Each structure stands twice: as structure tokens, then as C-alpha cells.
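Pasted below: start-v2.csv, CSV, C-alpha atoms and all ligand atoms.
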chain,number,residue,atom,x,y,z
A,54,MET,CA,0.0,0.0,0.0
A,55,ILE,CA,1.3,3.5,-0.8
A,56,THR,CA,1.1,5.6,2.4
A,57,LYS,CA,0.7,9.3,2.5
A,58,GLU,CA,4.3,9.6,3.8
A,59,ARG,CA,5.6,7.5,0.9
A,60,GLN,CA,3.7,9.6,-1.6
A,61,CYS,CA,5.2,12.7,-0.1
A,62,ARG,CA,8.7,11.3,-0.3
A,63,SER,CA,8.2,10.2,-3.9
A,64,TYR,CA,7.0,13.6,-4.8
A,65,LYS,CA,10.0,15.3,-3.2
A,66,ALA,CA,12.3,12.9,-5.0
A,67,TRP,CA,10.6,13.6,-8.2
A,68,ARG,CA,10.8,17.3,-7.7
A,69,GLY,CA,14.5,17.0,-6.9
A,70,TYR,CA,15.1,15.0,-10.0
A,71,PHE,CA,13.1,17.4,-12.1
A,72,ASN,CA,15.1,20.4,-10.8
A,73,TYR,CA,18.3,18.5,-11.5
A,74,ILE,CA,17.3,17.7,-15.1
A,75,GLN,CA,16.3,21.3,-15.7
A,76,LYS,CA,20.0,22.1,-15.2
A,77,MET,CA,21.7,19.6,-17.4
A,78,LYS,CA,25.4,19.7,-18.3
A,79,ILE,CA,25.4,20.1,-22.1
A,80,LEU,CA,28.3,19.8,-24.5
A,81,ASN,CA,27.8,21.7,-27.8
A,82,LEU,CA,30.5,20.5,-30.1
A,83,TYR,CA,31.5,22.3,-33.4
A,84,ALA,CA,29.3,25.0,-32.0
A,85,GLY,CA,29.4,27.4,-34.9
A,86,LEU,CA,27.3,30.5,-34.2
A,87,GLY,CA,24.9,28.5,-32.1
A,88,GLY,CA,21.9,27.9,-34.4
A,89,ASN,CA,21.0,24.7,-32.6
A,90,ARG,CA,21.7,26.2,-29.2
A,91,LYS,CA,19.7,29.5,-29.7
A,92,LEU,CA,16.5,28.3,-28.0
A,93,TRP,CA,18.0,26.2,-25.3
A,94,GLY,CA,17.5,28.9,-22.7
A,95,GLU,CA,19.9,29.8,-19.9
A,96,ASP,CA,19.0,27.2,-17.2
A,97,HIS,CA,21.5,24.6,-18.5
A,98,GLN,CA,25.2,24.6,-18.1
A,99,VAL,CA,26.4,24.7,-21.7
A,100,THR,CA,30.0,24.1,-22.8
A,101,ALA,CA,30.7,25.0,-26.4
A,102,VAL,CA,33.7,24.0,-28.4
A,103,GLU,CA,34.6,25.8,-31.6
A,104,LEU,CA,37.9,25.9,-33.5
A,105,ASP,CA,37.5,29.2,-35.3
A,106,PRO,CA,38.3,32.0,-32.8
A,107,GLU,CA,36.2,34.5,-34.7
A,108,VAL,CA,33.1,32.3,-34.8
A,109,ALA,CA,33.7,31.5,-31.1
A,110,ARG,CA,33.8,35.2,-30.3
A,111,ILE,CA,30.5,35.8,-32.0
A,112,TYR,CA,29.0,32.7,-30.3
A,113,GLN,CA,30.2,34.0,-26.9
A,114,ASN,CA,28.5,37.4,-27.5
A,115,TYR,CA,25.2,35.7,-28.1
A,116,PHE,CA,25.6,33.3,-25.2
A,117,PRO,CA,27.6,35.0,-22.5
A,118,ASN,CA,26.8,32.4,-19.9
A,119,ASP,CA,28.2,29.5,-21.9
A,120,THR,CA,31.7,28.3,-21.4
A,121,VAL,CA,33.3,28.6,-24.8
A,122,ILE,CA,36.5,26.6,-25.6
A,123,ILE,CA,38.6,27.2,-28.7
A,124,GLU,CA,39.9,23.8,-29.3
A,125,ASP,CA,39.6,20.8,-31.6
A,126,ALA,CA,36.2,19.3,-30.8
A,127,HIS,CA,37.1,15.8,-31.8
A,128,GLU,CA,39.9,15.7,-29.3
A,129,TYR,CA,37.8,17.4,-26.6
A,130,LEU,CA,35.0,14.8,-27.0
A,131,VAL,CA,37.2,11.8,-26.4
A,132,ASN,CA,38.7,13.4,-23.3
A,133,ASN,CA,35.6,14.8,-21.7
A,134,PHE,CA,32.4,13.1,-22.9
A,135,GLU,CA,31.7,11.4,-19.6
A,136,LYS,CA,31.3,14.8,-17.8
A,137,PHE,CA,28.0,15.6,-19.7
A,138,ASP,CA,24.3,14.7,-19.6
A,139,PHE,CA,23.6,15.7,-23.2
A,140,ILE,CA,25.9,16.1,-26.2
A,141,TRP,CA,25.2,17.7,-29.5
A,142,ALA,CA,27.9,17.6,-32.2
A,143,SER,CA,27.8,19.2,-35.7
A,144,PRO,CA,31.0,18.1,-37.3
A,145,PRO,CA,32.0,19.7,-40.6
A,146,CYS,CA,30.0,18.4,-43.5
A,147,PRO,CA,31.7,19.4,-46.8
A,148,SER,CA,33.5,16.0,-47.2
A,149,HIS,CA,30.2,14.1,-46.9
A,150,SER,CA,28.1,16.5,-48.9
A,151,LYS,CA,26.7,16.0,-52.4
A,152,MET,CA,28.7,19.1,-53.3
A,153,ASN,CA,31.9,17.1,-52.8
A,154,THR,CA,31.1,14.7,-55.6
A,155,LEU,CA,29.6,17.5,-57.8
A,156,MET,CA,32.8,19.5,-57.6
A,157,TYR,CA,35.0,16.5,-58.2
A,158,GLY,CA,32.9,15.0,-61.0
A,159,PHE,CA,32.4,18.0,-63.2
A,160,LYS,CA,34.8,18.2,-66.1
A,161,ASP,CA,35.4,21.9,-65.7
A,162,SER,CA,35.6,21.8,-61.9
A,163,LYS,CA,38.6,23.5,-60.4
A,164,ARG,CA,38.9,20.7,-57.9
A,165,LYS,CA,40.6,17.7,-59.5
A,166,LYS,CA,41.4,15.8,-56.4
A,167,PHE,CA,38.8,13.8,-54.6
A,168,GLU,CA,38.4,14.5,-50.9
A,169,TYR,CA,38.0,11.5,-48.6
A,170,PRO,CA,34.8,11.5,-46.5
A,171,ASP,CA,36.0,12.5,-43.0
A,172,MET,CA,35.6,9.4,-40.8
A,173,LYS,CA,35.7,11.4,-37.6
A,174,LEU,CA,32.0,11.6,-38.0
A,175,TYR,CA,31.7,7.9,-37.6
A,176,GLN,CA,34.3,7.7,-34.9
A,177,GLU,CA,32.3,10.1,-32.8
A,178,ILE,CA,29.0,8.2,-33.4
A,179,ILE,CA,30.7,4.9,-32.4
A,180,LEU,CA,32.3,6.4,-29.3
A,181,LEU,CA,29.1,7.9,-28.0
A,182,ASP,CA,26.9,4.9,-29.0
A,183,GLN,CA,29.2,2.5,-27.2
A,184,TRP,CA,30.3,4.4,-24.1
A,185,PHE,CA,28.2,7.4,-23.4
A,186,SER,CA,25.4,7.0,-20.8
A,187,GLY,CA,23.6,10.3,-21.5
A,188,LYS,CA,21.7,11.3,-24.6
A,189,TYR,CA,23.6,12.4,-27.7
A,190,VAL,CA,22.8,13.6,-31.2
A,191,ILE,CA,25.3,14.1,-34.0
A,192,GLU,CA,24.1,16.2,-36.9
A,193,ASN,CA,25.4,16.3,-40.5
A,194,VAL,CA,24.2,16.7,-44.1
A,195,ILE,CA,22.5,13.9,-46.1
A,196,PRO,CA,25.6,12.4,-47.7
A,197,TYR,CA,26.1,11.5,-51.3
A,198,TYR,CA,26.7,7.9,-50.3
A,199,THR,CA,24.5,5.5,-48.2
A,200,PRO,CA,25.3,6.4,-44.5
A,201,LEU,CA,27.6,3.8,-43.0
A,202,ILE,CA,25.4,3.9,-39.8
A,203,PRO,CA,21.6,4.3,-40.2
A,204,ALA,CA,20.4,7.8,-39.2
A,205,GLN,CA,17.3,9.8,-38.7
A,206,LYS,CA,16.3,12.6,-41.1
A,207,ILE,CA,14.8,16.0,-40.1
A,208,ASP,CA,14.6,18.7,-42.8
A,209,ARG,CA,17.9,18.9,-44.7
A,210,HIS,CA,19.9,17.1,-41.9
A,211,LEU,CA,20.7,13.6,-40.8
A,212,PHE,CA,21.0,12.9,-37.1
A,213,TRP,CA,22.6,10.0,-35.4
A,214,ALA,CA,21.2,9.7,-31.9
A,215,ASN,CA,20.6,7.2,-29.1
A,216,PHE,CA,16.9,8.0,-28.9
A,217,LYS,CA,14.1,8.4,-31.4
A,218,LEU,CA,13.7,11.9,-32.8
A,219,GLY,CA,10.2,11.4,-34.1
A,220,ARG,CA,8.6,13.6,-36.8
A,221,PHE,CA,9.2,17.2,-36.8
A,222,ASN,CA,8.1,19.5,-39.5
A,223,LEU,CA,9.3,23.1,-39.5
A,224,GLY,CA,6.9,24.2,-42.2
A,225,THR,CA,8.9,27.3,-42.9
A,226,LYS,CA,11.7,28.3,-45.2
A,227,THR,CA,14.8,26.5,-43.8
A,228,THR,CA,17.5,27.0,-46.5
A,229,ILE,CA,19.6,30.1,-46.7
A,230,LYS,CA,20.0,31.2,-50.3
A,231,GLY,CA,22.4,33.9,-51.5
A,232,SER,CA,25.6,34.9,-49.9
A,233,ASP,CA,24.4,38.0,-48.1
A,234,ALA,CA,25.3,37.9,-44.4
A,235,LYS,CA,22.6,40.5,-43.8
A,236,GLU,CA,20.0,37.9,-44.8
A,237,VAL,CA,21.3,35.6,-42.2
A,238,SER,CA,21.0,38.2,-39.5
A,239,SER,CA,17.3,38.6,-40.4
A,240,PHE,CA,16.6,34.9,-40.9
A,241,TYR,CA,18.0,33.3,-37.8
A,242,GLY,CA,18.7,36.4,-35.7
A,243,PHE,CA,22.5,36.2,-36.0
A,244,ASP,CA,24.5,39.0,-37.3
A,245,ILE,CA,27.9,38.1,-38.7
A,246,ARG,CA,28.8,41.3,-40.5
A,247,ASP,CA,31.7,42.0,-38.2
A,248,TYR,CA,33.2,38.4,-38.6
A,249,LYS,CA,36.9,38.8,-39.4
A,250,GLY,CA,38.0,35.2,-39.8
A,251,THR,CA,39.0,33.2,-42.9
A,252,GLN,CA,35.7,31.3,-43.5
A,253,ARG,CA,33.2,32.5,-46.1
A,254,LYS,CA,30.3,34.3,-44.4
A,255,ASP,CA,27.7,32.6,-46.5
A,256,ARG,CA,29.1,29.2,-45.5
A,257,ILE,CA,29.0,30.0,-41.8
A,258,ALA,CA,25.5,31.1,-42.3
A,259,ARG,CA,24.5,27.9,-44.2
A,260,ASN,CA,26.0,25.8,-41.4
A,261,LEU,CA,23.4,27.1,-38.9
A,262,VAL,CA,20.9,24.5,-37.7
A,263,HIS,CA,17.4,26.0,-37.4
A,264,PRO,CA,16.9,27.0,-33.8
A,265,GLU,CA,13.5,25.3,-33.7
A,266,ILE,CA,15.1,22.0,-34.6
A,267,GLY,CA,17.7,22.4,-31.9
A,268,LYS,CA,15.0,23.1,-29.3
A,269,TYR,CA,12.8,20.3,-30.4
A,270,ILE,CA,15.6,17.8,-30.1
A,271,LEU,CA,16.8,19.0,-26.7
A,272,ASP,CA,13.2,18.9,-25.4
A,273,ARG,CA,12.7,15.4,-26.7
A,274,ALA,CA,15.9,14.2,-25.0
A,275,MET,CA,15.0,15.9,-21.7
A,276,ASN,CA,11.5,14.3,-21.7
A,277,LEU,CA,13.0,10.9,-22.3
A,278,ILE,CA,15.6,11.3,-19.5
A,279,ILE,CA,12.8,12.5,-17.1
A,280,LYS,CA,10.5,9.6,-18.0
A,281,THR,CA,13.1,6.8,-17.7
A,282,ASN,CA,14.6,8.2,-14.5
A,283,VAL,CA,11.5,9.4,-12.6
A,284,LYS,CA,10.2,5.8,-12.3
A,285,GLN,CA,13.4,4.7,-10.6
A,286,VAL,CA,13.6,7.8,-8.4
A,287,VAL,CA,10.1,7.2,-7.1
A,288,LEU,CA,10.7,3.5,-6.6
A,289,PHE,CA,13.7,4.1,-4.4
A,290,ALA,CA,12.2,7.1,-2.5
B,301,LIG,C1,28.4,22.7,-39.2
B,301,LIG,S1,29.1,24.0,-38.3
B,301,LIG,C2,28.2,24.0,-36.8
B,301,LIG,C3,26.8,24.7,-36.9
B,301,LIG,C4,26.1,24.8,-35.6
B,301,LIG,N1,25.6,23.5,-35.2
B,301,LIG,C5,25.0,25.8,-35.6
B,301,LIG,O1,23.8,25.4,-35.7
B,301,LIG,O2,25.3,27.0,-35.6
B,301,LIG,C6,30.6,23.4,-37.9
B,301,LIG,C7,31.5,24.3,-37.1
B,301,LIG,O3,32.6,23.5,-36.6
B,301,LIG,C8,33.8,24.4,-36.7
B,301,LIG,N2,34.9,23.4,-36.7
B,301,LIG,C9,35.5,22.8,-37.8
B,301,LIG,N3,36.4,21.9,-37.4
B,301,LIG,C10,36.4,22.0,-36.1
B,301,LIG,C11,37.2,21.3,-35.1
B,301,LIG,N4,38.1,20.4,-35.4
B,301,LIG,N5,36.9,21.5,-33.8
B,301,LIG,C12,36.0,22.5,-33.4
B,301,LIG,N6,35.3,23.2,-34.3
B,301,LIG,C13,35.5,22.9,-35.6
B,301,LIG,C14,33.6,25.3,-37.9
B,301,LIG,O4,34.3,26.5,-37.7
B,301,LIG,C15,32.1,25.5,-37.8
B,301,LIG,O5,31.8,26.7,-37.1
Output the file's structure as C-alpha cells, nothing else.
Amino acid sequence: MITKERQCRSYKAWRGYFNYIQKMKILNLYAGLGGNRKLWGEDHQVTAVELDPEVARIYQNYFPNDTVIIEDAHEYLVNNFEKFDFIWASPPCPSHSKMNTLMYGFKDSKRKKFEYPDMKLYQEIILLDQWFSGKYVIENVIPYYTPLIPAQKIDRHLFWANFKLGRFNLGTKTTIKGSDAKEVSSFYGFDIRDYKGTQRKDRIARNLVHPEIGKYILDRAMNLIIKTNVKQVVLFA
């Protein structure tokens, strides 16, 4: 029989767990400007890793409470993944993209040398799938080859994750056309006009994951973490 006291203890445990999960430790790898991060709010403890110091500077301006680390994300992941509850990674996509084959295949293309698909993408998926106890999601483009590990598709992205993402339809314009950085500032709310680094501004812009997709996926991961853990917390209260 569930006594009133037991009910009360269960509720307290549940509240405690709920508060904890509201403040997750999140790792945002290959952070870019923070498109996927934009609607995550300020309750979580977010660590962002980005190699381009200029992109990192702009990210930090938009998310002053995040810890921003200018480092190689691949190396950071292998050394630190156990410290986090949720990991998002958006490794660079050009070597997997259909553009890679297009540029190589065309007779008149300036690029005569084929670029190997960067296997770090799969290294990271395997690492997290095998050893990470939290929830993870790795985002990339839909590649020109059949993905070596099955993935889930949302909009123009493929996601590898240890949970089901379900269906999500943005229903709005999601691709950024043109190379005008101003357009980007109006479309996603990021302004990169004062970027002084070496990457093309339109490329940086096109890299952005739509903020609504980032929020949808984080919410989904949080709901699953709460559901699976609350049962245990209440049981042992
Ligand atoms: C696809 S974009 C990320 C987009 C981001 N998810 C968003 O929604 O804004 C990839 C980013 O990774 C950065 N990058 C590339 N190689 C890196 C590395 N080895 N370590 C960390 N960041 C890297 C690039 O400068 C770029 O900003």
C-alpha cells in the first residue's frame, strides 16, 4: 500500500530530480554561431567547443553564460564526454556533402582531387553509442553515399542519436539562399557582419541548424531522460 508519507517522499524525490534535469550539463561541439543552441534557454550549463576564434567570439557574444572553448572538438570529445548529460555535435559536413562529388565530378571543376569523407563523423558516433550513458545527437548533411550507420532525417539534416527523434516539420523556409550575411541576420537572428576570420560568411550562415530543430531535439531528449529516471527515483524514494 502506498502511504501518504511514501507519496510525499516520492513527490520530493521527483521534484529534486526534475530540478536537476532542468540544469543539465550540455556539450555543444563544433558550436558554430549556435543555431541549434539558440532556444535552449539559460538554465542549463552549456560548454561550447569551436575551433575558429572569430566564430567563437560571436557565439560568446550571443551566449555570454556558456563556457566557450577554442579547441579541436574531436579531441575534446574523447577526453571529456563522460562529464556531460547531453551532447550535441555538428562536425563539418563538406567532405560528406553532395557538393563534394559534384565539384569533383564536373569536367570543368577547379577541384581535380577527390576528398575522402571525413571518418571522424563515424568515430564520434561509435564512441558515443558504445560508451556514453547520457543522450547524444550528431548532426550532419544527407551524404552523397548511403550512410555507414543508419540515421534519422529531419529537414535537410541527418541525425545519429541514441533516442528516437520522431517527426518534426518546420513548415517554414529552412535553407539560406544567397551569400548575403545580412539575410542571415534577419533569418536566424544572428549578425555576422563583423566576422573577421577566414571562412566564407555565407558558408558560416548555411551551417546554422534552425533553432526550432535544436530546441525540439533537446526537449525530446529531456522528456525521455525524465520519463526513464523518474520511475526509478520514485521507486527508491
Ligand atoms: C556545421 S558548423 C556548426 C553549426 C552549428 N551546429 C549551428 O547550428 O550553428 C561546424 C563548425 O565547426 C567548426 N569546426 C570545424 N572543425 C572543427 C574542429 N576540429 N573543432 C572544433 N570546431 C570545428 C567550424 O568552424 C564550424 O563553425
Q: Fewer than 3 positions away in the same chain doesn't count, so skip those; otherwise give me all residues within 12 Å of Leu261 of chain A, counting only C-alpha atoms, as a ChimeraX atom specification.
A: /A:83-91,108,112,143-146,192-194,209-210,227-229,237-238,240-243,245,254-258,264-267
**Q.** Interatomic distance, atom CA of Lys76 of chain A to atom CA of Gln98 of chain A (Å, one decimal)
**A.**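 Between atom CA of Lys76 of chain A and atom CA of Gln98 of chain A the gap is 6.5 Å.
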Q. For ligand LIG 301 (chain B), which residue out of A:Ala109, A:Val262, A:Met152, A:Met77 is the nearest one, using only C-alpha atoms and all ligand atoms?
A.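 Checking each of A:Ala109, A:Val262, A:Met152, A:Met77 against ligand LIG 301 (chain B), counting only C-alpha atoms and all ligand atoms, the winner is A:Val262.
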Q: Between atom CA of Phe139 of chain A and atom CA of Thr120 of chain A, measure the distance and give it in Å to one decimal.
A: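 Computing it gives 15.1 Å between the two atoms.
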Q. How many Å lie between atom CA of Phe116 of chain A and atom O1 of ligand LIG 301 (chain B), rounded to one decimal?
A.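 Distance between the two atoms: 13.3 Å.
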Q: Can you pull out every residue within 12 Å of segment 174-186 of chain A, counting all atoms listed in the file, but drop anything in the same chain fewer than 5 positions away, and send it as an NGL selection string?
A: :A and (82-83 or 126-149 or 191-194 or 196 or 200-204 or 211-216 or 278)
Q: Compile the contact shell of Asn118 of chain A as a PyMOL selection string: residues with an atom at most 10 Å away, counting all atoms listed in the file, same-chain residues fewer than 6 positions apart removed.
A: chain A and resi 95-100
Q: Choose the residue, out of A:Lys280, A:Lys249, A:Lys206, A:His263, that has the smallest atom-to-atom separation from Gly224 of chain A; count all atoms listed in the file.
A: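 Comparing A:Lys280, A:Lys249, A:Lys206, A:His263 against Gly224 of chain A, the winner is A:His263.
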Q: Considering all atoms listed in the file, state which residue in the set A:Leu104, A:Leu80, A:Leu223, A:Leu92 is at the smallest distance from ligand LIG 301 (chain B).
A: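 Closest residue, counting all atoms listed in the file: A:Leu104.
The closest residue to ligand LIG 301 (chain B), picked from A:Asp105, A:Trp93, A:Thr154, A:Asn81 and counting all atoms listed in the file, is A:Asp105.
Among A:Leu271, A:Lys78, A:Val102, A:Ile111, the residue with the shortest atom-to-atom distance to ligand LIG 301 (chain B), counting only C-alpha atoms and all ligand atoms, is A:Val102.
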Q) Which residue out of A:Gly250, A:Ala101, A:Asp125, A:Phe221 has the minimum interatomic distance to Gln113 of chain A when all atoms listed in the file are used? A) A:Ala101
